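**Student:** File follows, entry33.txt with compact mmCIF, C-alpha atoms:
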```
# COMPACT_ATOMS: atom_id res chain seq x y z
CA MET D 1 14.81 28.73 19.45
CA ASN D 2 18.33 29.17 20.79
CA ILE D 3 19.75 26.80 18.23
CA ARG D 4 18.03 28.62 15.40
CA THR D 5 19.15 32.02 16.54
CA LYS D 6 22.71 30.84 16.96
CA LEU D 7 22.78 29.33 13.50
CA ALA D 8 21.29 32.40 11.94
CA LEU D 9 24.04 34.48 13.48
CA VAL D 10 26.72 32.08 12.28
CA GLU D 11 25.35 32.33 8.77
CA GLY D 12 25.34 36.09 9.03
CA GLU D 13 21.59 36.46 8.84
CA GLY D 14 19.41 38.32 11.27
CA PRO D 15 17.47 36.23 13.79
CA SER D 16 14.25 37.63 12.35
CA LYS D 17 14.75 35.76 9.08
CA ALA D 18 15.39 32.49 10.87
CA MET D 19 12.26 33.05 12.90
CA ALA D 20 10.21 33.77 9.80
CA GLN D 21 11.43 30.50 8.29
CA GLY D 22 10.57 28.73 11.51
CA LYS D 23 7.07 30.13 11.31
CA GLY D 24 6.76 29.01 7.68
CA ALA D 25 7.69 25.47 8.69
CA ALA D 26 5.15 25.53 11.52
CA SER D 27 2.33 26.55 9.20
CA ALA D 28 3.37 23.96 6.60
CA ARG D 29 3.23 21.38 9.36
CA ASP D 30 -0.20 22.52 10.54
CA GLU D 31 -1.46 22.41 6.98
CA LEU D 32 -0.22 18.87 6.51
CA VAL D 33 -1.73 17.79 9.84
CA ALA D 34 -5.10 19.22 8.74
CA LEU D 35 -4.86 17.45 5.38
CA LEU D 36 -4.07 14.12 7.03
CA GLU D 37 -7.10 14.56 9.28
CA ARG D 38 -9.20 14.95 6.14
CA VAL D 39 -7.54 11.92 4.53
CA ALA D 40 -8.50 9.95 7.64
CA LYS D 41 -12.11 10.83 6.79
CA ASP D 42 -11.67 9.42 3.27
CA ASP D 43 -11.22 12.78 1.57
CA ARG D 44 -9.51 12.04 -1.75
CA LYS D 45 -8.88 15.69 -2.58
CA ALA D 46 -6.93 15.98 0.65
CA LEU D 47 -4.80 12.99 -0.34
CA ALA D 48 -4.15 14.64 -3.72
CA MET D 49 -2.92 17.71 -1.86
CA VAL D 50 -0.74 15.64 0.44
CA TYR D 51 0.69 14.03 -2.71
CA ALA D 52 1.37 17.42 -4.31
CA LYS D 53 3.14 18.66 -1.19
CA THR D 54 5.14 15.60 -0.24
CA SER D 55 5.73 13.33 -3.24
CA ALA D 56 9.11 14.88 -4.11
CA LYS D 57 10.33 14.30 -0.56
CA LEU D 58 8.99 10.75 -0.36
CA PHE D 59 10.28 9.91 -3.83
CA GLY D 60 13.66 11.18 -2.63
CA VAL D 61 13.50 8.64 0.21
CA CYS D 62 12.38 5.78 -2.09
CA ILE D 63 14.96 6.39 -4.80
CA ARG D 64 17.80 6.89 -2.35
CA ILE D 65 17.15 3.54 -0.66
CA THR D 66 16.14 1.41 -3.66
CA ARG D 67 18.64 2.99 -6.12
CA ASP D 68 16.10 1.83 -8.74
CA HIS D 69 13.84 4.29 -10.53
CA ALA D 70 11.10 1.85 -11.54
CA ALA D 71 10.95 0.32 -8.07
CA ALA D 72 10.85 3.73 -6.42
CA GLU D 73 7.96 4.74 -8.68
CA ASP D 74 6.01 1.63 -7.73
CA ILE D 75 6.78 1.99 -4.02
CA LEU D 76 5.68 5.64 -4.15
CA GLN D 77 2.20 4.55 -5.28
CA HIS D 78 2.10 1.93 -2.58
CA VAL D 79 3.16 4.51 0.03
CA TYR D 80 0.23 6.84 -0.75
CA ILE D 81 -2.19 3.92 -0.58
CA LYS D 82 -0.70 3.14 2.80
CA ILE D 83 -1.13 6.77 3.87
CA TRP D 84 -4.76 6.58 2.76
CA ASN D 85 -5.27 3.44 4.81
CA SER D 86 -3.52 4.59 7.95
CA ALA D 87 -4.00 8.38 8.14
CA GLU D 88 -6.43 7.91 11.03
CA ARG D 89 -3.55 6.54 13.06
CA PHE D 90 -1.39 9.62 12.68
CA ASP D 91 -1.25 11.55 15.94
CA HIS D 92 0.20 15.02 15.54
CA ARG D 93 0.88 15.22 19.27
CA GLN D 94 3.34 12.35 18.92
CA GLY D 95 5.37 13.54 15.97
CA SER D 96 5.62 15.65 12.87
CA PRO D 97 3.55 14.68 9.83
CA ILE D 98 6.44 14.76 7.39
CA THR D 99 8.59 12.40 9.46
CA TRP D 100 5.62 10.07 9.81
CA LEU D 101 5.22 10.04 6.02
CA CYS D 102 8.96 9.61 5.49
CA ALA D 103 9.01 6.65 7.89
CA ILE D 104 6.30 4.94 5.82
CA ALA D 105 8.32 5.53 2.64
CA ARG D 106 11.55 4.37 4.26
CA ASN D 107 10.03 1.18 5.68
CA ALA D 108 8.42 0.28 2.35
CA SER D 109 11.69 0.96 0.52
CA ILE D 110 13.74 -1.12 2.95
CA ASP D 111 11.26 -4.00 2.60
CA TRP D 112 11.81 -3.87 -1.16
CA LEU D 113 15.58 -3.55 -0.79
CA ARG D 114 15.79 -6.64 1.41
CA LYS D 115 13.75 -8.69 -1.05
CA TYR D 116 14.89 -7.47 -4.48
CA GLY D 117 17.68 -4.95 -4.02
CA ALA D 118 21.01 -5.08 -5.83
CA PRO D 119 24.10 -5.83 -3.71
CA ALA D 120 25.29 -2.85 -1.70
CA PRO D 121 27.71 -0.66 -3.62
CA ALA D 122 31.22 -0.13 -2.25
CA LEU D 123 31.70 2.71 0.20
CA SER D 124 33.84 4.61 -2.35
CA VAL D 125 30.77 4.79 -4.64
CA MET D 126 28.64 6.05 -1.77
CA THR D 127 30.72 9.14 -1.03
CA GLU D 128 28.39 11.42 -2.92
CA SER D 129 25.32 10.23 -1.07
CA LEU D 130 27.17 10.47 2.23
CA THR D 131 27.82 14.15 1.69
CA GLN D 132 24.36 14.73 0.25
CA ASP D 133 22.47 13.97 3.44
CA PHE D 134 24.41 16.55 5.39
CA HIS D 135 23.91 19.16 2.69
CA GLY D 136 20.20 18.45 2.82
CA ALA D 137 20.35 18.89 6.56
CA MET D 138 22.10 22.23 6.25
CA ASP D 139 19.39 23.42 3.84
CA ALA D 140 16.72 22.43 6.32
CA LEU D 141 18.56 23.84 9.33
CA ALA D 142 16.60 27.06 9.64
CA ASP D 143 13.21 25.43 9.96
CA TYR D 144 13.58 22.59 12.41
CA GLU D 145 14.89 22.98 15.92
CA SER D 146 15.94 19.64 17.30
CA ARG D 147 17.58 18.31 14.16
CA ALA D 148 20.79 20.16 14.77
CA LEU D 149 21.66 18.08 17.82
CA ILE D 150 21.52 14.64 16.20
CA PHE D 151 23.56 15.88 13.25
CA ASP D 152 26.16 17.34 15.57
CA CYS D 153 26.20 14.08 17.53
CA LEU D 154 26.58 12.03 14.36
CA GLN D 155 29.42 14.19 13.17
CA ALA D 156 31.15 13.75 16.51
CA LEU D 157 31.34 9.96 16.00
CA PRO D 158 34.51 8.27 14.70
CA SER D 159 34.20 8.30 10.91
CA GLN D 160 33.64 4.57 10.43
CA GLN D 161 30.86 4.47 13.02
CA GLN D 162 29.38 7.58 11.49
CA HIS D 163 29.48 6.17 7.95
CA ALA D 164 27.93 2.90 9.09
CA ILE D 165 25.03 4.63 10.86
CA ARG D 166 24.44 7.03 8.00
CA LEU D 167 24.46 4.27 5.38
CA ALA D 168 22.08 2.27 7.56
CA PHE D 169 19.68 5.15 8.07
CA PHE D 170 19.76 7.00 4.76
CA ASP D 171 20.49 4.12 2.39
CA GLY D 172 18.74 1.32 4.26
CA PHE D 173 21.87 -0.84 4.52
CA SER D 174 21.63 -3.97 6.66
CA HIS D 175 24.55 -5.31 8.71
CA SER D 176 25.67 -7.51 5.83
CA ASP D 177 25.26 -4.68 3.28
CA LEU D 178 27.50 -2.56 5.51
CA ALA D 179 30.14 -5.27 5.74
CA ALA D 180 30.12 -5.72 1.96
CA SER D 181 30.15 -2.00 1.24
CA MET D 182 32.82 -1.14 3.79
CA LYS D 183 34.82 -4.30 2.98
CA VAL D 184 35.24 -5.43 6.58
CA PRO D 185 34.04 -8.51 8.49
CA LEU D 186 30.40 -8.53 9.64
CA GLY D 187 31.47 -8.44 13.30
CA THR D 188 33.35 -5.22 12.68
CA THR D 189 30.40 -3.30 11.24
CA LYS D 190 28.16 -4.71 13.95
CA SER D 191 30.44 -3.34 16.62
CA TRP D 192 30.73 0.03 14.82
CA ILE D 193 26.95 0.32 14.77
CA ARG D 194 26.63 -0.71 18.42
CA ARG D 195 29.32 1.60 19.71
CA GLY D 196 28.04 4.37 17.46
CA LEU D 197 24.50 4.03 18.79
CA VAL D 198 25.67 3.99 22.42
CA GLN D 199 27.75 7.13 21.88
CA LEU D 200 24.95 8.79 19.93
CA ARG D 201 22.56 8.17 22.76
CA GLY D 202 24.96 9.61 25.31
CA CYS D 203 25.57 12.66 23.14
CA LEU D 204 21.84 13.30 22.67
CA GLN D 205 21.24 12.97 26.41
CA ASN D 206 24.02 15.36 27.31
CA GLY D 207 23.24 17.84 24.55
CA MET V 208 14.46 9.36 31.20
CA ALA V 209 14.37 6.20 33.29
CA ASN V 210 15.27 3.17 31.26
CA PRO V 211 15.12 -0.15 33.04
CA ILE V 212 16.58 -2.28 30.21
CA SER V 213 20.25 -3.20 29.88
CA PRO V 214 22.55 -1.20 27.59
CA ALA V 215 22.92 -4.27 25.35
CA LEU V 216 19.16 -4.57 24.90
CA ASP V 217 18.87 -0.85 24.34
CA ALA V 218 21.49 -1.10 21.58
CA LEU V 219 19.50 -3.97 20.04
CA ALA V 220 16.42 -1.74 20.13
CA GLY V 221 18.47 0.95 18.38
CA GLU V 222 19.55 -1.51 15.70
CA LEU V 223 15.95 -2.54 15.12
CA ALA V 224 14.86 1.10 14.81
CA LEU V 225 17.80 1.83 12.50
CA GLY V 226 16.78 -1.12 10.34
CA VAL V 227 20.14 -2.91 10.15
CA LEU V 228 18.97 -6.21 11.58
CA GLU V 229 18.12 -9.04 9.21
CA GLY V 230 17.01 -12.66 9.28
CA GLU V 231 16.97 -14.43 12.62
CA ALA V 232 18.49 -11.46 14.50
CA ARG V 233 15.56 -9.33 13.36
CA ALA V 234 13.08 -12.02 14.32
CA VAL V 235 14.64 -12.23 17.79
CA ALA V 236 14.39 -8.46 18.24
CA LEU V 237 10.79 -8.37 17.04
CA ARG V 238 9.97 -11.15 19.47
CA GLN V 239 11.44 -8.96 22.23
CA VAL V 240 9.07 -6.17 21.19
CA VAL V 241 6.19 -8.56 21.72
CA GLN V 242 7.50 -9.94 24.98
CA SER V 243 8.78 -6.84 26.72
CA GLN V 244 7.04 -3.54 27.15
CA GLU V 245 10.33 -1.92 28.18
CA PHE V 246 12.01 -3.12 24.99
CA ALA V 247 9.10 -1.85 22.88
CA ALA V 248 9.39 1.55 24.60
CA SER V 249 13.11 1.57 23.91
CA VAL V 250 12.50 0.94 20.18
CA ILE V 251 10.04 3.84 20.09
CA GLY V 252 12.61 6.01 21.90
CA TRP V 253 15.18 5.21 19.23
CA GLN V 254 12.70 5.92 16.42
CA GLN V 255 12.07 9.33 17.94
CA ARG V 256 15.79 9.98 18.36
CA LEU V 257 16.51 9.16 14.71
CA GLU V 258 13.44 10.94 13.34
CA PRO V 259 15.07 14.35 12.73
CA LEU V 260 17.38 12.67 10.21
CA PHE V 261 14.45 12.44 7.79
CA HIS V 262 14.82 16.16 7.19
CA ALA V 263 18.12 15.48 5.48
CA TYR V 264 16.69 13.40 2.63
CA ALA V 265 16.87 15.44 -0.57
CA GLU V 266 13.71 15.96 -2.59
CA VAL V 267 13.68 14.31 -6.03
CA PRO V 268 11.00 15.29 -8.57
CA PRO V 269 8.84 12.17 -8.93
CA PRO V 270 7.18 10.86 -12.09
CA ASP V 271 3.47 11.69 -11.98
CA VAL V 272 1.89 8.62 -10.45
CA TRP V 273 -1.17 10.34 -9.02
CA GLN V 274 -3.54 8.83 -11.63
CA ALA V 275 -2.20 5.37 -10.89
CA ILE V 276 -2.76 5.99 -7.17
CA GLU V 277 -6.34 7.11 -7.86
CA ALA V 278 -7.02 3.95 -9.85
CA ARG V 279 -5.79 1.85 -6.92
CA LEU V 280 -7.96 3.90 -4.55
CA ASP V 281 -11.07 3.13 -6.60
CA VAL V 282 -10.48 -0.60 -6.23
CA LEU V 283 -9.66 -0.24 -2.56
CA ILE V 284 -12.74 1.82 -1.69
CA ALA V 285 -15.07 -0.57 -3.50
CA ARG V 286 -13.53 -3.53 -1.67
CA ARG V 287 -13.66 -1.80 1.70
CA GLN V 288 -17.33 -0.92 1.34
CA VAL V 289 -18.17 -4.56 0.70
CA ARG V 290 -16.09 -5.69 3.66
CA GLN V 291 -17.56 -3.13 6.07
CA VAL V 292 -21.09 -4.07 5.26
CA ARG V 293 -20.30 -7.71 5.90
CA PHE V 294 -18.32 -6.98 9.04
CA TRP V 295 -21.02 -5.11 10.86
CA LYS V 296 -24.11 -6.70 9.35
CA GLY V 297 -26.48 -7.87 12.04
CA THR V 298 -24.80 -5.87 14.76
CA SER V 299 -26.50 -3.09 16.66
CA PHE V 300 -23.80 -0.61 15.83
CA LEU V 301 -23.79 -0.10 12.07
CA THR V 302 -21.35 2.62 11.13
CA GLY V 303 -20.23 4.04 7.83
CA SER V 304 -16.60 4.04 8.71
CA LEU V 305 -14.52 2.05 11.10
CA ALA V 306 -13.36 4.03 14.08
CA ALA V 307 -10.38 1.82 14.72
CA SER V 308 -7.68 3.86 16.33
CA LEU V 309 -4.91 1.46 15.67
CA ALA V 310 -3.67 -0.86 13.03
CA ALA V 311 -2.36 -4.14 14.15
CA VAL V 312 0.35 -5.75 12.15
CA MET V 313 0.88 -9.40 12.64
CA ILE V 314 4.20 -10.70 11.61
CA LEU V 315 4.47 -14.35 10.78
CA SER V 316 8.01 -15.46 11.30
CA PRO V 317 9.63 -17.15 8.31
CA ALA V 318 10.68 -19.86 10.78
CA GLU V 319 7.42 -21.61 10.02
CA GLN V 320 8.27 -22.11 6.37
CA ARG V 321 11.89 -22.92 6.99
CA SER V 322 13.48 -26.30 6.93
CA THR V 323 12.43 -28.47 9.83
CA ALA V 324 16.10 -29.40 10.25
CA VAL V 325 16.56 -26.10 12.11
CA PRO V 326 15.63 -26.83 15.72
CA GLN V 327 13.47 -24.16 17.33
CA PRO V 328 13.86 -23.36 21.01
CA ALA V 329 10.89 -24.98 22.69
CA ALA V 330 9.91 -21.91 24.71
CA ALA V 331 10.03 -19.40 21.87
CA PRO V 332 6.89 -18.89 19.82
CA ALA V 333 7.55 -19.83 16.18
CA VAL V 334 5.19 -17.15 14.96
CA PHE V 335 4.59 -13.81 16.54
CA ALA V 336 2.61 -10.65 16.10
CA GLN V 337 3.11 -7.02 16.83
CA LEU V 338 0.22 -4.62 17.19
CA ALA V 339 1.53 -1.10 17.58
CA GLY V 340 0.12 2.32 16.97
CA GLY V 341 -2.15 4.88 18.56
CA LYS V 342 -2.03 6.14 22.05
CA ASP V 343 -5.16 4.48 23.38
CA ALA V 344 -4.45 0.91 22.41
CA LEU V 345 -1.29 -1.10 22.05
CA ILE V 346 -1.45 -4.85 21.79
CA ALA V 347 1.13 -7.49 21.06
CA ALA V 348 0.51 -11.08 20.07
CA GLY V 349 2.61 -14.13 19.40
CA LEU V 350 1.47 -17.40 17.93
CA ASP V 351 3.03 -20.63 19.09
CA THR V 352 2.32 -22.82 16.07
CA GLY V 353 3.33 -25.95 17.95
CA LYS V 354 0.75 -25.50 20.68
CA GLY V 355 -1.69 -23.58 18.50
CA GLN V 356 -1.72 -20.91 21.20
CA LEU V 357 -2.02 -17.21 20.59
CA LYS V 358 -0.30 -15.14 23.27
CA VAL V 359 -1.88 -11.69 23.44
CA ARG V 360 -0.43 -8.97 25.60
CA ALA V 361 -2.41 -5.82 26.31
CA VAL V 362 0.20 -3.10 26.67
CA VAL V 363 -2.29 -0.24 26.65
CA LEU V 364 -6.06 -0.50 26.43
CA PRO V 365 -8.60 2.19 27.25
CA ALA V 366 -10.11 1.90 30.73
CA SER V 367 -13.60 0.46 30.35
CA ALA V 368 -16.27 -1.46 32.22
CA LEU V 369 -16.38 -3.68 29.13
CA VAL V 370 -13.86 -6.38 28.32
CA PRO V 371 -11.73 -6.73 25.19
CA GLU V 372 -12.71 -9.47 22.74
CA LEU V 373 -10.36 -10.67 20.04
CA TRP V 374 -11.64 -11.31 16.49
CA VAL V 375 -10.14 -12.74 13.37
CA ILE V 376 -11.67 -11.59 10.09
CA PRO V 377 -10.64 -13.78 7.16
CA ARG V 378 -11.13 -12.94 3.48
CA ASP V 379 -14.89 -13.57 3.61
CA GLY V 380 -15.18 -10.50 5.83
CA VAL V 381 -17.09 -12.23 8.63
CA PRO V 382 -15.56 -11.73 12.09
CA ARG V 383 -15.06 -14.85 14.24
CA SER V 384 -14.52 -14.43 17.93
CA LEU V 385 -11.31 -15.83 19.40
CA GLY V 386 -12.69 -15.09 22.86
CA LEU V 387 -12.16 -12.50 25.55
CA ILE V 388 -8.67 -11.36 26.52
CA ASN V 389 -7.39 -9.85 29.75
CA PRO V 390 -7.50 -6.03 29.70
CA GLN V 391 -4.09 -6.12 31.37
CA GLY V 392 -1.14 -8.43 31.09
CA THR V 393 -0.91 -11.45 28.86
CA SER V 394 -3.66 -13.78 27.75
CA LEU V 395 -3.16 -17.24 26.30
CA VAL V 396 -5.74 -18.01 23.63
CA THR V 397 -5.81 -21.65 22.58
CA LEU V 398 -6.94 -21.88 18.98
CA THR V 399 -9.04 -24.69 17.61
CA PRO V 400 -7.68 -26.20 14.38
CA GLU V 401 -10.40 -24.26 12.48
CA GLN V 402 -9.37 -20.98 14.12
CA ARG V 403 -5.71 -21.74 13.41
CA GLN V 404 -6.57 -21.91 9.68
CA LEU V 405 -8.11 -18.44 9.88
CA VAL V 406 -5.13 -16.77 11.59
CA ALA V 407 -3.16 -16.46 8.35
CA GLU V 408 -1.61 -13.84 6.13
CA GLY V 409 -4.16 -11.39 4.71
CA ALA V 410 -6.69 -11.91 7.48
CA VAL V 411 -7.50 -9.07 9.89
CA LEU V 412 -7.19 -9.15 13.67
CA ALA V 413 -9.51 -6.86 15.62
CA ILE V 414 -10.27 -6.03 19.23
CA SER V 415 -13.68 -4.72 20.31
CA LEU V 416 -14.97 -3.91 23.78
CA GLU V 417 -17.86 -6.17 24.81
CA LEU V 418 -19.96 -7.28 27.76
CA ALA V 419 -18.39 -10.30 29.40
CA ASP V 420 -21.76 -12.10 29.40
CA GLY V 421 -22.35 -14.55 26.58
CA ALA V 422 -18.80 -14.49 25.24
CA PRO V 423 -17.52 -15.61 22.80
CA HIS V 424 -20.10 -13.61 20.85
CA ASP V 425 -21.38 -14.31 17.37
CA ALA V 426 -20.58 -10.80 16.18
CA PRO V 427 -18.99 -7.64 17.60
CA SER V 428 -21.45 -5.15 19.08
CA SER V 429 -19.35 -2.04 18.54
CA THR V 430 -16.65 -0.72 16.27
CA PRO V 431 -13.23 -2.21 16.95
CA ILE V 432 -10.72 -0.21 18.94
CA ALA V 433 -7.90 -1.90 17.08
CA THR V 434 -7.63 -3.62 13.73
CA GLY V 435 -4.84 -4.73 11.45
CA THR V 436 -3.86 -7.02 8.66
CA ILE V 437 -1.72 -10.08 9.16
CA THR V 438 1.38 -10.00 7.00
CA SER V 439 4.32 -12.33 6.81
CA LEU V 440 7.79 -11.21 7.69
```
So, in terms of structure tokens, how does the structure I just supplied come out?
**Tutor:**
Amino acid sequence: MNIRTKLALVEGEGPSKAMAQGKGAASARDELVALLERVAKDDRKALAMVYAKTSAKLFGVCIRITRDHAAAEDILQHVYIKIWNSAERFDHRQGSPITWLCAIARNASIDWLRKYGAPAPALSVMTESLTQDFHGAMDALADYESRALIFDCLQALPSQQQHAIRLAFFDGFSHSDLAASMKVPLGTTKSWIRRGLVQLRGCLQNG
Amino acid sequence: MANPISPALDALAGELALGVLEGEARAVALRQVVQSQEFAASVIGWQQRLEPLFHAYAEVPPPDVWQAIEARLDVLIARRQVRQVRFWKGTSFLTGSLAASLAAVMILSPAEQRSTAVPQPAAAPAVFAQLAGGKDALIAAGLDTGKGQLKVRAVVLPASALVPELWVIPRDGVPRSLGLINPQGTSLVTLTPEQRQLVAEGAVLAISLELADGAPHDAPSSTPIATGTITSL
């Protein structure tokens, strides 16, 4: 709540608006939790509603990682079948429904990328996507509390470590993809990732 | 939060959660998940730490694939109904839907298919399995293809007067008992050559809670508390 209020003030909005957005996010989350509970009981209409509410987000994950429209379309189908098959395993006490769904889409996309994906593009080509994730985060800032901290911690990392971790997370790059994209030896990107993760962990603990 | 594992292992857990590991390095890390509860907890910790990043993915309007999904669902539901009937036929606990709280994913290491010229460390299982999921049950398994031994570790199982029994359900849908496992710690299950054939990609592993008497049983007497499909890495 503190984070939200602070941000709202920075952006020049009243805290009441930020709180209203927070409430909107909470009800969207509850709605999705309820739908997933119905999906777990084999309710196809509920899955159709989950699809309507989340397919743009999940397609965003698939297309970003695969960089291939046809593959992303196919993976998206596969992801909803997977949601149908595993909805009973979703536990809303352990995490938010949208991140659970996104993790399914990301894992499926990374599996595809490792098997069939094109070679990783050079870092210079990735600049747009590297700024995009932070813009997306800023848009979402008002409706999710704990997100601010990891973004602040990421931004506090030395730029190469930060780029490596962001390309790994958002674009599904492996160690060797990172080395190819950033044009450095494999050992270098490995150590950037390692040091970045250690620092990230420290930052999150102290934040 | 207390974390008993070394910083190096914790970083490895972070790399696994981040998804940057590949090939043998990934296989080694996944084996650690199976072998060490602390390492598995560390991976989950990293997943939770990274989770907020998902909010930053931009939405992209998708092509309408809902009809295609529905068509796949039709096939799936028909197949599942057939399988369920077979699975629980003849048992005292016929249910319409499986109450499994957990999906088990078994990961067959590509080491098995790889050139035999690559020496494998004798102690390390060539094939391993990870069963992760719900809060009430968490099971890990590794298959040592050389010895034909399945190593099953019960990380979390619900407290019960009954004992856990491990099943493999191949494509014919009929569960075969692999015997009882310890409710705590690690169990070594030696597979017969016939059982070894059944523990393959596409088959399902399941755990049900049973009376110790008369085990291994011909069929499960209750719905499984954990199920999952075996997939290769």
**Student:** Please identify all polymer residues within 12 Å of Pro97 in chain D, counting all atoms listed in the file, omitting same-chain residues fewer than 5 positions from it, and present them as an mmCIF file with C-alpha atoms, in the coordinates of the input.
**Tutor:**
```cif
data_model
loop_
_atom_site.group_PDB
_atom_site.id
_atom_site.type_symbol
_atom_site.label_atom_id
_atom_site.label_comp_id
_atom_site.auth_asym_id
_atom_site.auth_seq_id
_atom_site.Cartn_x
_atom_site.Cartn_y
_atom_site.Cartn_z
ATOM 1 C CA ALA D 25 7.690 25.470 8.690
ATOM 2 C CA ALA D 26 5.150 25.530 11.520
ATOM 3 C CA SER D 27 2.330 26.550 9.200
ATOM 4 C CA ALA D 28 3.370 23.960 6.600
ATOM 5 C CA ARG D 29 3.230 21.380 9.360
ATOM 6 C CA ASP D 30 -0.200 22.520 10.540
ATOM 7 C CA GLU D 31 -1.460 22.410 6.980
ATOM 8 C CA LEU D 32 -0.220 18.870 6.510
ATOM 9 C CA VAL D 33 -1.730 17.790 9.840
ATOM 10 C CA ALA D 34 -5.100 19.220 8.740
ATOM 11 C CA LEU D 35 -4.860 17.450 5.380
ATOM 12 C CA LEU D 36 -4.070 14.120 7.030
ATOM 13 C CA GLU D 37 -7.100 14.560 9.280
ATOM 14 C CA VAL D 50 -0.740 15.640 0.440
ATOM 15 C CA LYS D 53 3.140 18.660 -1.190
ATOM 16 C CA THR D 54 5.140 15.600 -0.240
ATOM 17 C CA ILE D 83 -1.130 6.770 3.870
ATOM 18 C CA ALA D 87 -4.000 8.380 8.140
ATOM 19 C CA ARG D 89 -3.550 6.540 13.060
ATOM 20 C CA PHE D 90 -1.390 9.620 12.680
ATOM 21 C CA ASP D 91 -1.250 11.550 15.940
ATOM 22 C CA HIS D 92 0.200 15.020 15.540
ATOM 23 C CA CYS D 102 8.960 9.610 5.490
ATOM 24 C CA ALA D 103 9.010 6.650 7.890
ATOM 25 C CA ILE D 104 6.300 4.940 5.820
ATOM 26 C CA GLU V 258 13.440 10.940 13.340
ATOM 27 C CA PRO V 259 15.070 14.350 12.730
ATOM 28 C CA PHE V 261 14.450 12.440 7.790
ATOM 29 C CA HIS V 262 14.820 16.160 7.190
#
```
**Student:** Tell me, counting all atoms listed in the file, for each residue of chain V within 9 Å of chain D, which pair of atoms is nearest and how far apart they are in Å to one decimal, in rows ordered by chain and increasing number, as a tab-separated table.
**Tutor:**
```
residue	atom	partner	partner_atom	distance
V:Pro214	CA	D:Val198	CA	8.0
V:Ala215	CA	D:Arg194	CA	8.6
V:Asp217	CA	D:Val198	CA	8.6
V:Ala218	CA	D:Arg194	CA	6.0
V:Leu219	CA	D:Arg194	CA	8.0
V:Gly221	CA	D:Leu197	CA	6.8
V:Glu222	CA	D:Arg194	CA	7.6
V:Leu225	CA	D:Phe169	CA	5.8
V:Gly226	CA	D:Ser174	CA	6.7
V:Val227	CA	D:Ser174	CA	3.9
V:Leu228	CA	D:Ser174	CA	6.0
V:Glu229	CA	D:Ser174	CA	6.7
V:Trp253	CA	D:Arg201	CA	8.7
V:Gln255	CA	D:Gly95	CA	8.2
V:Arg256	CA	D:Ile150	CA	7.7
V:Leu257	CA	D:Ile150	CA	7.6
V:Glu258	CA	D:Thr99	CA	6.4
V:Pro259	CA	D:Arg147	CA	4.9
V:Leu260	CA	D:Arg147	CA	6.9
V:Phe261	CA	D:Thr99	CA	6.1
V:His262	CA	D:Ala137	CA	6.2
V:Ala263	CA	D:Ala137	CA	4.2
V:Tyr264	CA	D:Asp133	CA	5.9
V:Ala265	CA	D:Gly136	CA	5.6
V:Glu266	CA	D:Lys57	CA	4.3
V:Val267	CA	D:Gly60	CA	4.6
V:Pro268	CA	D:Ala56	CA	4.9
V:Pro269	CA	D:Ala56	CA	5.5
V:Pro270	CA	D:Glu73	CA	7.0
V:Asp271	CA	D:Glu73	CA	8.9
V:Val272	CA	D:Gln77	CA	6.6
V:Trp273	CA	D:Ala48	CA	7.4
V:Ala275	CA	D:Gln77	CA	7.2
V:Ile276	CA	D:Gln77	CA	5.5
V:Glu277	CA	D:Arg44	CA	8.5
V:Arg279	CA	D:Ile81	CA	7.6
V:Leu280	CA	D:Ile81	CA	7.0
V:Leu283	CA	D:Ile81	CA	8.8
V:Ser304	CA	D:Lys41	CA	8.4
V:Ala306	CA	D:Glu88	CA	8.5
V:Ala307	CA	D:Glu88	CA	8.1
V:Ser308	CA	D:Arg89	CA	5.9
V:Leu309	CA	D:Arg89	CA	5.9
V:Ala310	CA	D:Arg89	CA	7.4
V:Gly340	CA	D:Arg89	CA	6.8
V:Gly341	CA	D:Arg89	CA	5.9
V:Lys342	CA	D:Asp91	CA	8.2
```
**Student:** Quick one, how far is CA of Thr352 in chain V from CA of Ala234 in chain V?
**Tutor:**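 Distance reported for this atom pair: 15.3 Å.
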**Student:** For CA of Gln242 in chain V and CA of Gln402 in chain V, quote the distance in Å rounded to one decimal.
**Tutor:** 22.9 Å
**Student:** Grab the CA of Gly421 in chain V to CA of Pro390 in chain V distance for me, in Å with one decimal place.
**Tutor:** 17.4 Å
**Student:** For Ser191 in chain D, which residue out of D:Lys115, D:Asn206, D:Gln160, D:Ser109 is the nearest one, using all atoms listed in the file?
**Tutor:** D:Gln160
**Student:** Return the single residue from V:Pro400, V:Pro382, V:Pro377, V:Pro371 that is closest to Gly353 in chain V, with distances computed using all atoms listed in the file.
**Tutor:**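 Looking only at the distances to Gly353 in chain V, the closest residue turns out to be V:Pro400.
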**Student:** Fewer than 5 positions away in the same chain doesn't count, so skip those; otherwise give me all residues within 7 Å of Gly386 in chain V, counting all atoms listed in the file, as an NGL selection string.
**Tutor:** :V and (372-373 or 422-423)
**Student:** Identify, on the basis of only C-alpha atoms, every residue whose closest approach to Pro121 in chain D does not exceed 12 Å; exclude the query and any residue fewer than 3 positions from it along the same chain; express the result as a list in words.
**Tutor:**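 After dropping sequence-adjacent residues, the list is Ile65, Thr66, Arg67, Gly117, Ala118, Ser124, Val125, Met126, Thr127, Ser129, Leu167, Asp171, Phe173, Ser176, Asp177, Leu178, Ala179, Ala180, Ser181, Met182 and Lys183 of chain D.
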**Student:** Check the smallest atom-to-atom distance from each of V:Asp281, V:Glu401, V:Glu417, V:Glu408 to Val370 in chain V using only C-alpha atoms, then report the winner.
**Tutor:**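 Smallest distance to Val370 in chain V is found for V:Glu417.
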